[in-house]
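File shown: data.txt. Contents: compact mmCIF, C-alpha atoms and all ligand atoms.
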```txt
# COMPACT_ATOMS: atom_id res chain seq x y z
CA MET A 1 3.14 -25.92 3.09
CA SER A 2 3.43 -22.69 5.03
CA PRO A 3 0.28 -21.34 6.64
CA LYS A 4 -1.55 -18.57 4.88
CA VAL A 5 -1.22 -15.36 6.85
CA LYS A 6 -3.11 -12.16 6.36
CA SER A 7 -2.65 -8.89 8.12
CA ALA A 8 -5.41 -7.34 10.18
CA ASN A 9 -7.94 -5.41 8.15
CA ASN A 10 -10.63 -3.14 9.36
CA GLY A 11 -13.87 -5.08 8.99
CA HIS A 12 -12.07 -8.42 8.84
CA CYS A 13 -11.13 -10.91 11.51
CA ARG A 14 -7.51 -10.45 12.59
CA VAL A 15 -7.06 -14.20 12.69
CA CYS A 16 -9.03 -15.82 9.86
CA SER A 17 -9.87 -12.76 7.70
CA ALA A 18 -13.63 -13.48 7.62
CA ARG A 19 -15.78 -10.36 7.47
CA ILE A 20 -16.96 -9.32 10.91
CA THR A 21 -19.13 -6.56 12.32
CA PRO A 22 -19.18 -5.24 15.88
CA PHE A 23 -22.07 -6.45 18.06
CA MET A 24 -21.98 -3.28 20.16
CA SER A 25 -20.13 -0.04 20.74
CA PHE A 26 -18.91 1.28 24.08
CA GLY A 27 -18.82 4.68 22.44
CA ARG A 28 -16.10 7.28 22.17
CA MET A 29 -13.26 6.07 24.34
CA PRO A 30 -9.94 7.60 25.39
CA ILE A 31 -6.71 5.61 25.83
CA ALA A 32 -7.29 3.43 28.90
CA ASN A 33 -3.96 4.24 30.52
CA GLY A 34 -3.86 7.84 29.26
CA PHE A 35 -3.95 9.67 32.59
CA LEU A 36 -3.58 13.38 31.87
CA ARG A 37 -1.79 16.29 33.42
CA PRO A 38 -4.29 19.11 33.97
CA ASP A 39 -2.75 21.00 31.00
CA GLN A 40 -3.26 18.06 28.61
CA THR A 41 -7.06 17.91 28.43
CA GLU A 42 -7.42 19.99 25.26
CA ASN A 43 -6.24 17.54 22.62
CA GLU A 44 -7.24 14.27 24.18
CA TYR A 45 -7.33 11.36 21.74
CA PHE A 46 -10.52 9.31 21.33
CA PHE A 47 -11.48 6.28 19.26
CA GLU A 48 -14.61 4.13 19.04
CA LEU A 49 -14.44 1.02 21.21
CA THR A 50 -16.22 -1.67 19.20
CA PRO A 51 -15.82 -5.34 20.07
CA ALA A 52 -16.67 -8.01 17.51
CA PHE A 53 -17.06 -11.75 17.55
CA CYS A 54 -15.92 -13.78 14.53
CA GLU A 55 -18.46 -16.50 13.83
CA ALA A 56 -15.99 -18.25 11.53
CA CYS A 57 -13.17 -18.83 14.05
CA GLY A 58 -14.73 -17.80 17.38
CA MET A 59 -12.23 -15.01 18.13
CA PHE A 60 -13.45 -12.12 20.30
CA GLN A 61 -11.58 -8.99 19.24
CA LEU A 62 -11.56 -5.23 18.89
CA LEU A 63 -12.43 -4.04 15.43
CA GLU A 64 -10.76 -0.69 15.79
CA GLN A 65 -7.55 -0.03 17.65
CA PRO A 66 -6.00 3.34 18.28
CA ASP A 67 -2.70 4.29 16.76
CA PRO A 68 -0.10 2.30 18.77
CA GLN A 69 1.98 5.45 19.17
CA LYS A 70 -0.90 6.93 21.13
CA MET A 71 -0.96 3.89 23.39
CA PHE A 72 2.66 3.32 24.32
CA HIS A 73 3.78 6.82 25.16
CA GLU A 74 6.16 7.85 27.92
CA GLN A 75 3.55 7.43 30.60
CA TYR A 76 3.29 3.79 29.73
CA ALA A 77 5.80 2.40 32.17
CA PHE A 78 4.06 -0.39 33.96
CA TYR A 79 6.42 -2.46 36.06
CA SER A 80 4.99 -5.86 36.84
CA SER A 81 7.07 -6.34 39.95
CA THR A 82 5.30 -3.62 41.91
CA SER A 83 2.56 -6.13 42.82
CA HIS A 84 3.44 -8.67 45.53
CA TYR A 85 0.55 -10.85 44.51
CA MET A 86 1.76 -11.01 40.91
CA GLN A 87 5.32 -11.75 42.08
CA ALA A 88 4.10 -14.87 43.86
CA HIS A 89 1.98 -15.86 40.86
CA PHE A 90 4.92 -15.69 38.43
CA GLU A 91 7.26 -17.48 40.79
CA ALA A 92 4.77 -20.36 40.87
CA PHE A 93 4.44 -20.28 37.06
CA ALA A 94 8.24 -20.45 36.63
CA HIS A 95 8.61 -23.31 39.10
CA ALA A 96 5.82 -25.24 37.39
CA VAL A 97 7.73 -25.00 34.08
CA ILE A 98 11.06 -25.96 35.68
CA ASN A 99 9.60 -28.92 37.58
CA THR A 100 7.42 -30.36 34.83
CA VAL A 101 8.44 -29.27 31.32
CA PHE A 102 12.18 -29.08 32.07
CA ALA A 103 12.40 -32.21 34.23
CA GLY A 104 15.14 -34.44 32.80
CA ARG A 105 16.17 -32.02 30.05
CA ASP A 106 19.79 -31.03 29.45
CA GLU A 107 20.33 -27.28 29.44
CA PRO A 108 16.78 -26.21 28.60
CA PHE A 109 16.24 -22.81 26.98
CA VAL A 110 13.25 -20.63 27.86
CA VAL A 111 12.06 -17.56 25.95
CA GLU A 112 9.49 -15.18 27.37
CA LEU A 113 7.51 -12.80 25.17
CA GLY A 114 6.77 -9.46 26.84
CA SER A 115 9.03 -10.31 29.76
CA ASN A 116 8.55 -6.88 31.38
CA ASP A 117 11.04 -6.21 34.18
CA GLY A 118 11.89 -9.89 34.52
CA ILE A 119 9.29 -10.73 37.15
CA MET A 120 9.10 -14.34 35.89
CA LEU A 121 12.47 -14.86 34.19
CA ARG A 122 14.41 -14.04 37.35
CA HIS A 123 13.30 -17.38 38.77
CA PHE A 124 14.85 -19.18 35.77
CA LYS A 125 18.00 -17.09 36.11
CA ASP A 126 18.21 -17.94 39.81
CA ARG A 127 18.09 -21.66 38.96
CA GLY A 128 20.78 -21.22 36.29
CA VAL A 129 18.38 -21.86 33.39
CA ARG A 130 19.35 -20.42 30.00
CA HIS A 131 16.75 -17.74 29.24
CA LEU A 132 15.91 -14.83 26.98
CA GLY A 133 13.31 -12.11 27.45
CA VAL A 134 11.78 -10.27 24.51
CA GLU A 135 10.45 -6.94 25.75
CA PRO A 136 9.50 -4.13 23.33
CA SER A 137 9.43 -1.42 26.02
CA ALA A 138 13.07 -0.30 26.24
CA ASN A 139 12.97 1.30 29.69
CA VAL A 140 11.32 -1.78 31.20
CA ALA A 141 13.84 -4.08 29.46
CA ASP A 142 16.67 -2.00 30.96
CA VAL A 143 15.38 -2.75 34.44
CA ALA A 144 15.51 -6.50 33.68
CA ARG A 145 19.03 -6.31 32.20
CA SER A 146 20.30 -4.37 35.19
CA GLN A 147 19.37 -7.42 37.28
CA GLY A 148 21.29 -9.79 35.03
CA ILE A 149 18.26 -11.11 33.15
CA SER A 150 19.05 -11.62 29.43
CA THR A 151 16.59 -9.39 27.58
CA ILE A 152 16.35 -7.91 24.11
CA SER A 153 14.19 -4.90 23.24
CA ALA A 154 12.21 -5.96 20.20
CA PHE A 155 8.83 -7.07 18.90
CA PHE A 156 8.53 -10.81 18.45
CA ASP A 157 7.81 -11.93 14.89
CA ARG A 158 9.03 -14.50 12.33
CA GLY A 159 12.26 -12.63 11.66
CA LEU A 160 13.19 -12.35 15.31
CA ALA A 161 12.22 -15.99 15.92
CA ASP A 162 14.61 -17.09 13.14
CA GLN A 163 17.36 -14.90 14.52
CA ILE A 164 17.00 -16.27 18.06
CA ALA A 165 16.88 -19.86 16.78
CA ALA A 166 20.05 -19.28 14.69
CA ASP A 167 21.95 -17.59 17.52
CA GLN A 168 20.81 -19.61 20.54
CA GLY A 169 19.00 -22.68 19.23
CA GLY A 170 15.36 -23.72 19.55
CA ALA A 171 13.34 -23.09 22.70
CA ASP A 172 12.17 -25.79 25.09
CA ALA A 173 9.50 -23.42 26.32
CA ILE A 174 8.11 -20.13 25.10
CA LEU A 175 6.07 -18.27 27.72
CA ALA A 176 3.85 -15.20 27.71
CA ALA A 177 1.65 -13.71 30.42
CA ASN A 178 -0.85 -10.95 29.75
CA VAL A 179 0.91 -10.29 26.48
CA MET A 180 -0.73 -12.29 23.68
CA CYS A 181 -4.04 -10.44 24.09
CA HIS A 182 -2.17 -7.19 23.37
CA ILE A 183 -0.63 -8.20 20.04
CA PRO A 184 -2.80 -7.41 16.99
CA ASP A 185 -0.81 -9.64 14.61
CA LEU A 186 -1.59 -12.92 16.33
CA PRO A 187 -0.82 -15.01 13.20
CA GLY A 188 2.61 -13.35 13.01
CA VAL A 189 3.42 -14.34 16.58
CA ALA A 190 2.05 -17.86 16.05
CA ALA A 191 4.34 -18.25 13.02
CA GLY A 192 7.29 -17.05 15.11
CA VAL A 193 6.48 -19.54 17.88
CA GLN A 194 6.25 -22.34 15.32
CA ARG A 195 9.74 -21.51 14.05
CA LEU A 196 11.44 -21.05 17.41
CA LEU A 197 9.93 -23.95 19.34
CA LYS A 198 11.78 -27.27 19.49
CA ALA A 199 9.90 -30.34 18.20
CA ASP A 200 9.26 -31.33 21.85
CA GLY A 201 8.85 -27.80 23.18
CA VAL A 202 5.79 -26.09 24.62
CA PHE A 203 4.26 -22.68 24.26
CA MET A 204 2.41 -21.54 27.40
CA PHE A 205 0.53 -18.31 27.71
CA GLU A 206 -2.13 -16.83 29.97
CA ASP A 207 -4.55 -13.99 29.50
CA PRO A 208 -7.95 -12.77 30.74
CA TYR A 209 -10.51 -15.44 29.90
CA LEU A 210 -13.57 -14.82 27.75
CA GLY A 211 -15.72 -17.26 29.73
CA ASP A 212 -15.20 -15.26 32.94
CA MET A 213 -15.88 -11.97 31.18
CA ILE A 214 -19.17 -13.23 29.75
CA ALA A 215 -20.27 -14.94 32.97
CA LYS A 216 -19.49 -11.90 35.16
CA THR A 217 -20.38 -9.14 32.66
CA SER A 218 -16.90 -7.80 33.37
CA TYR A 219 -16.89 -5.66 30.25
CA ASP A 220 -14.09 -3.54 31.69
CA GLN A 221 -11.69 -6.19 30.30
CA ILE A 222 -12.43 -4.53 26.97
CA TYR A 223 -10.12 -1.57 26.35
CA ASP A 224 -7.62 -0.44 23.75
CA GLU A 225 -4.73 -2.66 24.86
CA HIS A 226 -6.79 -5.85 24.93
CA VAL A 227 -7.22 -6.51 21.25
CA PHE A 228 -8.29 -10.12 21.91
CA ILE A 229 -10.15 -11.86 24.73
CA PHE A 230 -9.35 -15.56 24.29
CA SER A 231 -11.23 -18.78 24.88
CA ALA A 232 -9.96 -22.35 24.56
CA THR A 233 -12.09 -22.62 21.42
CA SER A 234 -10.59 -19.58 19.71
CA VAL A 235 -7.03 -20.39 20.80
CA GLN A 236 -7.29 -23.94 19.49
CA ARG A 237 -8.50 -22.69 16.11
CA ALA A 238 -6.05 -19.77 15.83
CA PHE A 239 -2.92 -21.90 16.34
CA ALA A 240 -3.93 -25.00 14.38
CA PRO A 241 -2.81 -23.54 11.00
CA PHE A 242 0.69 -23.24 12.50
CA GLY A 243 0.90 -26.89 13.50
CA LEU A 244 0.34 -26.07 17.17
CA GLU A 245 -2.15 -28.06 19.19
CA LEU A 246 -3.86 -27.05 22.43
CA VAL A 247 -2.75 -29.75 24.87
CA ASP A 248 -3.72 -28.30 28.26
CA VAL A 249 -5.70 -25.51 29.91
CA MET A 250 -5.53 -24.26 33.48
CA PRO A 251 -7.87 -21.60 34.91
CA GLN A 252 -6.20 -18.80 36.91
CA ILE A 253 -7.75 -16.33 39.34
CA THR A 254 -5.52 -13.45 38.17
CA HIS A 255 -7.02 -10.40 36.44
CA GLY A 256 -10.55 -11.33 37.46
CA GLY A 257 -10.37 -14.72 35.74
CA SER A 258 -7.66 -15.85 33.33
CA MET A 259 -6.75 -19.03 31.48
CA ARG A 260 -3.31 -20.58 30.95
CA TYR A 261 -3.06 -22.36 27.59
CA THR A 262 -0.38 -24.91 26.73
CA LEU A 263 0.30 -25.58 23.05
CA ALA A 264 2.73 -28.02 21.46
CA PRO A 265 3.65 -29.18 17.96
CA LYS A 266 0.78 -31.37 16.81
CA GLY A 267 1.12 -34.99 17.90
CA SER A 268 4.15 -34.35 20.15
CA ARG A 269 2.21 -34.59 23.42
CA GLN A 270 -0.82 -36.24 24.84
CA VAL A 271 -3.81 -33.89 24.94
CA SER A 272 -5.15 -33.49 28.48
CA LYS A 273 -8.79 -34.37 28.94
CA LYS A 274 -9.15 -30.92 30.52
CA VAL A 275 -9.05 -29.52 26.96
CA SER A 276 -12.15 -31.37 25.77
CA GLU A 277 -13.87 -30.60 29.08
CA GLN A 278 -13.15 -26.88 28.68
CA LEU A 279 -14.34 -26.90 25.07
CA ALA A 280 -17.58 -28.58 26.20
CA LYS A 281 -18.04 -25.96 28.95
CA GLU A 282 -17.55 -23.20 26.41
CA ALA A 283 -20.09 -24.75 24.06
CA ALA A 284 -22.56 -24.95 26.97
CA LEU A 285 -21.89 -21.26 27.77
CA GLY A 286 -22.49 -20.46 24.10
CA LEU A 287 -19.09 -18.81 23.66
CA ASP A 288 -19.08 -19.86 19.99
CA GLN A 289 -22.55 -18.43 19.30
CA ALA A 290 -23.27 -14.88 18.11
CA GLU A 291 -26.46 -14.70 20.24
CA THR A 292 -24.33 -14.94 23.39
CA TYR A 293 -22.77 -11.59 22.56
CA LEU A 294 -26.12 -9.92 22.01
CA GLN A 295 -27.07 -11.11 25.49
CA PHE A 296 -23.72 -9.83 26.80
CA ARG A 297 -24.53 -6.46 25.25
CA ALA A 298 -27.90 -6.39 27.03
CA ASN A 299 -26.14 -7.36 30.28
CA CYS A 300 -23.66 -4.48 29.84
CA GLU A 301 -26.52 -2.03 29.27
CA ASN A 302 -28.34 -3.30 32.37
CA SER A 303 -25.17 -3.07 34.43
CA ARG A 304 -24.62 0.50 33.27
CA ALA A 305 -28.20 1.50 34.11
CA ALA A 306 -27.99 -0.05 37.58
CA LEU A 307 -24.64 1.56 38.37
CA MET A 308 -25.77 5.01 37.26
CA GLN A 309 -29.01 4.66 39.20
CA THR A 310 -26.98 3.86 42.33
CA LEU A 311 -24.50 6.69 41.80
CA GLY A 312 -27.32 9.11 40.98
CA ARG A 313 -29.13 8.21 44.19
CA LEU A 314 -25.98 8.65 46.31
CA ARG A 315 -25.35 11.99 44.64
CA SER A 316 -28.90 13.19 45.39
CA GLN A 317 -28.35 12.13 49.01
CA GLN A 318 -25.13 14.20 48.97
CA LYS A 319 -23.00 11.21 49.88
CA ARG A 320 -19.25 11.34 49.30
CA VAL A 321 -18.17 8.71 46.75
CA VAL A 322 -14.51 8.07 45.96
CA GLY A 323 -13.14 5.70 43.31
CA TYR A 324 -10.72 3.02 44.51
CA GLY A 325 -7.94 2.16 42.01
CA ALA A 326 -7.22 4.21 38.87
CA THR A 327 -7.00 1.08 36.75
CA SER A 328 -6.94 0.80 32.95
CA LYS A 329 -10.17 -1.17 33.30
CA SER A 330 -11.89 1.74 35.03
CA THR A 331 -11.57 3.89 31.90
CA THR A 332 -14.09 1.72 30.04
CA VAL A 333 -16.56 1.75 32.96
CA ILE A 334 -16.29 5.49 33.61
CA ASN A 335 -16.68 6.54 30.00
CA TYR A 336 -19.24 3.94 28.93
CA CYS A 337 -21.48 4.64 31.95
CA GLY A 338 -20.97 8.41 31.94
CA ILE A 339 -19.47 8.72 35.43
CA THR A 340 -18.29 12.30 36.11
CA PRO A 341 -16.55 14.21 38.92
CA GLU A 342 -20.12 15.00 40.07
CA HIS A 343 -20.56 11.32 40.92
CA VAL A 344 -17.05 10.47 42.05
CA GLU A 345 -15.06 13.13 43.94
CA PHE A 346 -11.67 11.63 43.11
CA ILE A 347 -10.00 8.29 42.48
CA SER A 348 -7.52 7.03 45.05
CA ASP A 349 -4.44 5.25 43.68
CA THR A 350 -1.07 4.20 45.09
CA THR A 351 0.83 4.65 41.78
CA PRO A 352 2.84 7.89 42.11
CA ILE A 353 2.83 8.64 38.34
CA LYS A 354 -0.97 8.73 38.26
CA GLN A 355 -1.38 11.01 41.28
CA GLY A 356 -2.19 14.61 40.48
CA ARG A 357 -3.44 13.57 37.05
CA LEU A 358 -6.94 13.34 35.62
CA SER A 359 -8.69 10.17 34.55
CA PRO A 360 -8.91 9.65 30.75
CA GLY A 361 -12.06 11.10 29.18
CA ALA A 362 -14.05 12.03 32.30
CA HIS A 363 -11.19 13.96 33.97
CA ILE A 364 -11.85 12.76 37.50
CA PRO A 365 -8.87 13.79 39.69
CA VAL A 366 -6.54 10.98 40.81
CA LYS A 367 -5.19 11.45 44.32
CA ALA A 368 -2.76 9.66 46.57
CA TYR A 369 -4.07 6.83 48.71
CA GLY A 370 -3.53 8.98 51.80
CA GLU A 371 -6.38 11.22 50.69
CA PHE A 372 -8.74 8.27 50.95
CA ALA A 373 -7.42 7.07 54.32
CA LYS A 374 -7.24 10.56 55.83
CA ARG A 375 -10.97 11.21 55.54
CA TYR A 376 -12.98 8.17 54.55
CA PRO A 377 -15.80 8.79 52.07
CA ASP A 378 -19.30 7.38 52.62
CA TYR A 379 -18.86 5.04 49.66
CA ALA A 380 -15.92 3.71 47.67
CA LEU A 381 -16.49 2.62 44.07
CA LEU A 382 -14.26 -0.43 43.68
CA PHE A 383 -12.60 -0.13 40.26
CA ALA A 384 -9.85 -2.61 41.22
CA TRP A 385 -12.47 -5.33 41.75
CA ASN A 386 -10.10 -8.09 40.63
CA HIS A 387 -8.17 -7.49 43.88
CA ALA A 388 -11.37 -7.27 45.97
CA ALA A 389 -10.36 -9.87 48.56
CA GLU A 390 -7.00 -8.21 49.31
CA ILE A 391 -8.48 -4.72 49.31
CA ARG A 392 -11.43 -5.46 51.54
CA GLU A 393 -9.08 -7.05 54.03
CA LYS A 394 -6.76 -4.03 53.92
CA GLU A 395 -9.66 -1.58 54.27
CA ALA A 396 -11.44 -3.16 57.23
CA GLY A 397 -11.09 0.23 58.95
CA PHE A 398 -13.08 1.95 56.22
CA VAL A 399 -16.02 -0.40 56.71
CA ALA A 400 -15.69 -0.25 60.49
CA ALA A 401 -16.01 3.53 60.20
CA GLY A 402 -19.33 3.05 58.37
CA GLY A 403 -17.98 3.11 54.79
CA ARG A 404 -19.53 0.91 52.11
CA TRP A 405 -18.28 -0.47 48.82
CA VAL A 406 -20.06 0.03 45.53
CA VAL A 407 -19.24 -2.91 43.26
CA TYR A 408 -20.40 -3.74 39.70
CA VAL A 409 -18.91 -7.19 39.02
CA PRO A 410 -20.66 -9.56 38.72
CA GLU A 411 -23.60 -7.30 39.65
CA VAL A 412 -24.09 -3.77 40.87
CA ALA A 413 -24.39 -3.85 44.66
CA ILE A 414 -23.53 -1.98 47.85
CA VAL A 415 -21.57 -4.21 50.21
CA SER A 416 -19.76 -3.85 53.49
ZN ZN A 501 -12.04 -15.23 12.53
```
Translate the structure described by the file into structure tokens.
Ligand SMILES: [Zn+2]
Amino acid sequence: MSPKVKSANNGHCRVCSARITPFMSFGRMPIANGFLRPDQTENEYFFELTPAFCEACGMFQLLEQPDPQKMFHEQYAFYSSTSHYMQAHFEAFAHAVINTVFAGRDEPFVVELGSNDGIMLRHFKDRGVRHLGVEPSANVADVARSQGISTISAFFDRGLADQIAADQGGADAILAANVMCHIPDLPGVAAGVQRLLKADGVFMFEDPYLGDMIAKTSYDQIYDEHVFIFSATSVQRAFAPFGLELVDVMPQITHGGSMRYTLAPKGSRQVSKKVSEQLAKEAALGLDQAETYLQFRANCENSRAALMQTLGRLRSQQKRVVGYGATSKSTTVINYCGITPEHVEFISDTTPIKQGRLSPGAHIPVKAYGEFAKRYPDYALLFAWNHAAEIREKEAGFVAAGGRWVVYVPEVAIVS
């Protein structure tokens, strides 16, 4: 019997179709990565950012998502390989697959969904492993192909899964990193994985983890591109109708707290005891209870009040405050809290395409990193908090010169 699949409906869970209602609204929100040229502020696009929790299947999701054409415009050219830290992370991920899953296999075949510029697949290519990347963003896929990494520009679904299986055979491993949480039609992808995976294959993916977001009140994980924030509980339930079983979980420190999930055809592998332990932790955290999200909402409101009180005080003291890192995450914080150019003089960022632009919604200028280093502000608001350790090490000179960091995860504080 084939699983019953329904498309996402407004007001219905994208996974199980139960009726759901948002537990809060972050208000009118622009596109998180929609940094504007100064002449583009007139017709800026906004939507209402409303997360919901499905009590039936436990999936945390966005109820409303902007038109995808508004999201993946020409400015959306994020190349994974620009981060050295992420390069090392994906090299380790690839080697873990090669050394464990592929050990003893003849000519294994790996498929990566959302393979970007080949940051992970290049390690399979270098070891002579048969591989295929599926990357919807054509310009990013071109970069991968130019380096000899087999990549097709397409969206992964049942049809594509059948085509790949017919042309190249079933996959020993299907991988995805920071991709699954972006795809609204999760059942469609799950059905594709079910079709493409060999009977003894594994599907491994990692994404920001709901447990970390709730524990740290890191609500800035919630923005237009993150349609789901997963937990072991919700992943286990979402894939079960497709004959896929959660067999392992592995916490990751990337993106402020992520989880790597390993799924396999039901009964094909032993289930690690880490799975039941994680499910028990999630039950203890209340991740499957609606009340937890009402508390999360209250925590978000308290965080907002504390941050604005701090920024208001610094402003009244005429302190210079500069934002550090024009991240997608920062768009939710800036617009939900009501941070303006009156609070934050500019945002410093090393990404050339963002420099000279204005932040989405609040229109805070984004300037080159040199502007920060040239004349240190009194305070730096750390938007790129998930890289706090690296950044605070790099910016020892800022603190030595008397500068202080304003942070808001897990709590609003001024730190040196
Ligand atoms: Zn549901």
List all protein, DNA and RNA residues that have any atom at most 8 Å from ligand ZN 501 (chain A), counting only C-alpha atoms and all ligand atoms, and write the list as a list in words.
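After applying the 8 Å limit, what remains is His12, Cys13, Arg14, Val15, Cys16, Ser17, Ala18, Arg19, Ile20, Phe53, Cys54, Glu55, Ala56, Cys57, Gly58 and Met59 of chain A.
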May I have the residues at most 12 Å from (-13.7, -15.3, 20.1) in the file's coordinates, counting all atoms listed in the file, as an MDAnalysis selection string?
chainID A and resid 13:16 20 51:62 181 209:211 213:214 227:238 282 286:290 292:293
Mind dumping the selected residues with C-alpha atoms as a PDB file, in the coordinates of the input?
```
ATOM      1  CA  CYS A  13     -11.130 -10.910  11.510  1.00  0.00           C
ATOM      2  CA  ARG A  14      -7.510 -10.450  12.590  1.00  0.00           C
ATOM      3  CA  VAL A  15      -7.060 -14.200  12.690  1.00  0.00           C
ATOM      4  CA  CYS A  16      -9.030 -15.820   9.860  1.00  0.00           C
ATOM      5  CA  ILE A  20     -16.960  -9.320  10.910  1.00  0.00           C
ATOM      6  CA  PRO A  51     -15.820  -5.340  20.070  1.00  0.00           C
ATOM      7  CA  ALA A  52     -16.670  -8.010  17.510  1.00  0.00           C
ATOM      8  CA  PHE A  53     -17.060 -11.750  17.550  1.00  0.00           C
ATOM      9  CA  CYS A  54     -15.920 -13.780  14.530  1.00  0.00           C
ATOM     10  CA  GLU A  55     -18.460 -16.500  13.830  1.00  0.00           C
ATOM     11  CA  ALA A  56     -15.990 -18.250  11.530  1.00  0.00           C
ATOM     12  CA  CYS A  57     -13.170 -18.830  14.050  1.00  0.00           C
ATOM     13  CA  GLY A  58     -14.730 -17.800  17.380  1.00  0.00           C
ATOM     14  CA  MET A  59     -12.230 -15.010  18.130  1.00  0.00           C
ATOM     15  CA  PHE A  60     -13.450 -12.120  20.300  1.00  0.00           C
ATOM     16  CA  GLN A  61     -11.580  -8.990  19.240  1.00  0.00           C
ATOM     17  CA  LEU A  62     -11.560  -5.230  18.890  1.00  0.00           C
ATOM     18  CA  CYS A 181      -4.040 -10.440  24.090  1.00  0.00           C
ATOM     19  CA  TYR A 209     -10.510 -15.440  29.900  1.00  0.00           C
ATOM     20  CA  LEU A 210     -13.570 -14.820  27.750  1.00  0.00           C
ATOM     21  CA  GLY A 211     -15.720 -17.260  29.730  1.00  0.00           C
ATOM     22  CA  MET A 213     -15.880 -11.970  31.180  1.00  0.00           C
ATOM     23  CA  ILE A 214     -19.170 -13.230  29.750  1.00  0.00           C
ATOM     24  CA  VAL A 227      -7.220  -6.510  21.250  1.00  0.00           C
ATOM     25  CA  PHE A 228      -8.290 -10.120  21.910  1.00  0.00           C
ATOM     26  CA  ILE A 229     -10.150 -11.860  24.730  1.00  0.00           C
ATOM     27  CA  PHE A 230      -9.350 -15.560  24.290  1.00  0.00           C
ATOM     28  CA  SER A 231     -11.230 -18.780  24.880  1.00  0.00           C
ATOM     29  CA  ALA A 232      -9.960 -22.350  24.560  1.00  0.00           C
ATOM     30  CA  THR A 233     -12.090 -22.620  21.420  1.00  0.00           C
ATOM     31  CA  SER A 234     -10.590 -19.580  19.710  1.00  0.00           C
ATOM     32  CA  VAL A 235      -7.030 -20.390  20.800  1.00  0.00           C
ATOM     33  CA  GLN A 236      -7.290 -23.940  19.490  1.00  0.00           C
ATOM     34  CA  ARG A 237      -8.500 -22.690  16.110  1.00  0.00           C
ATOM     35  CA  ALA A 238      -6.050 -19.770  15.830  1.00  0.00           C
ATOM     36  CA  GLU A 282     -17.550 -23.200  26.410  1.00  0.00           C
ATOM     37  CA  GLY A 286     -22.490 -20.460  24.100  1.00  0.00           C
ATOM     38  CA  LEU A 287     -19.090 -18.810  23.660  1.00  0.00           C
ATOM     39  CA  ASP A 288     -19.080 -19.860  19.990  1.00  0.00           C
ATOM     40  CA  GLN A 289     -22.550 -18.430  19.300  1.00  0.00           C
ATOM     41  CA  ALA A 290     -23.270 -14.880  18.110  1.00  0.00           C
ATOM     42  CA  THR A 292     -24.330 -14.940  23.390  1.00  0.00           C
ATOM     43  CA  TYR A 293     -22.770 -11.590  22.560  1.00  0.00           C
TER      44      TYR A 293
END
```
A:Gly370: which residues within 12 Å, counting all atoms listed in the file, same-chain residues fewer than 5 positions away excluded, as a ChimeraX atom specification?
/A:324,347-352,355,375-376
With distances taken over all atoms listed in the file, which of A:Ile353, A:Val321, A:Ile334, A:Ile31 is nearest to A:Leu381?
A:Val321
Have a look at A:Ser218, A:Asn43, A:Asn302, A:Gln270 and name the one nearest to A:Ser330; count all atoms listed in the file.
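Smallest distance to A:Ser330 is found for A:Ser218.
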Applying 12 Å and all atoms listed in the file, which residues near A:Gly325 remain after dropping the ones on its own chain fewer than 2 positions away? List them as a PyMOL selection string.
chain A and resi 322-323+327-331+346-351+354-355+359+365-369+372+380-388+391
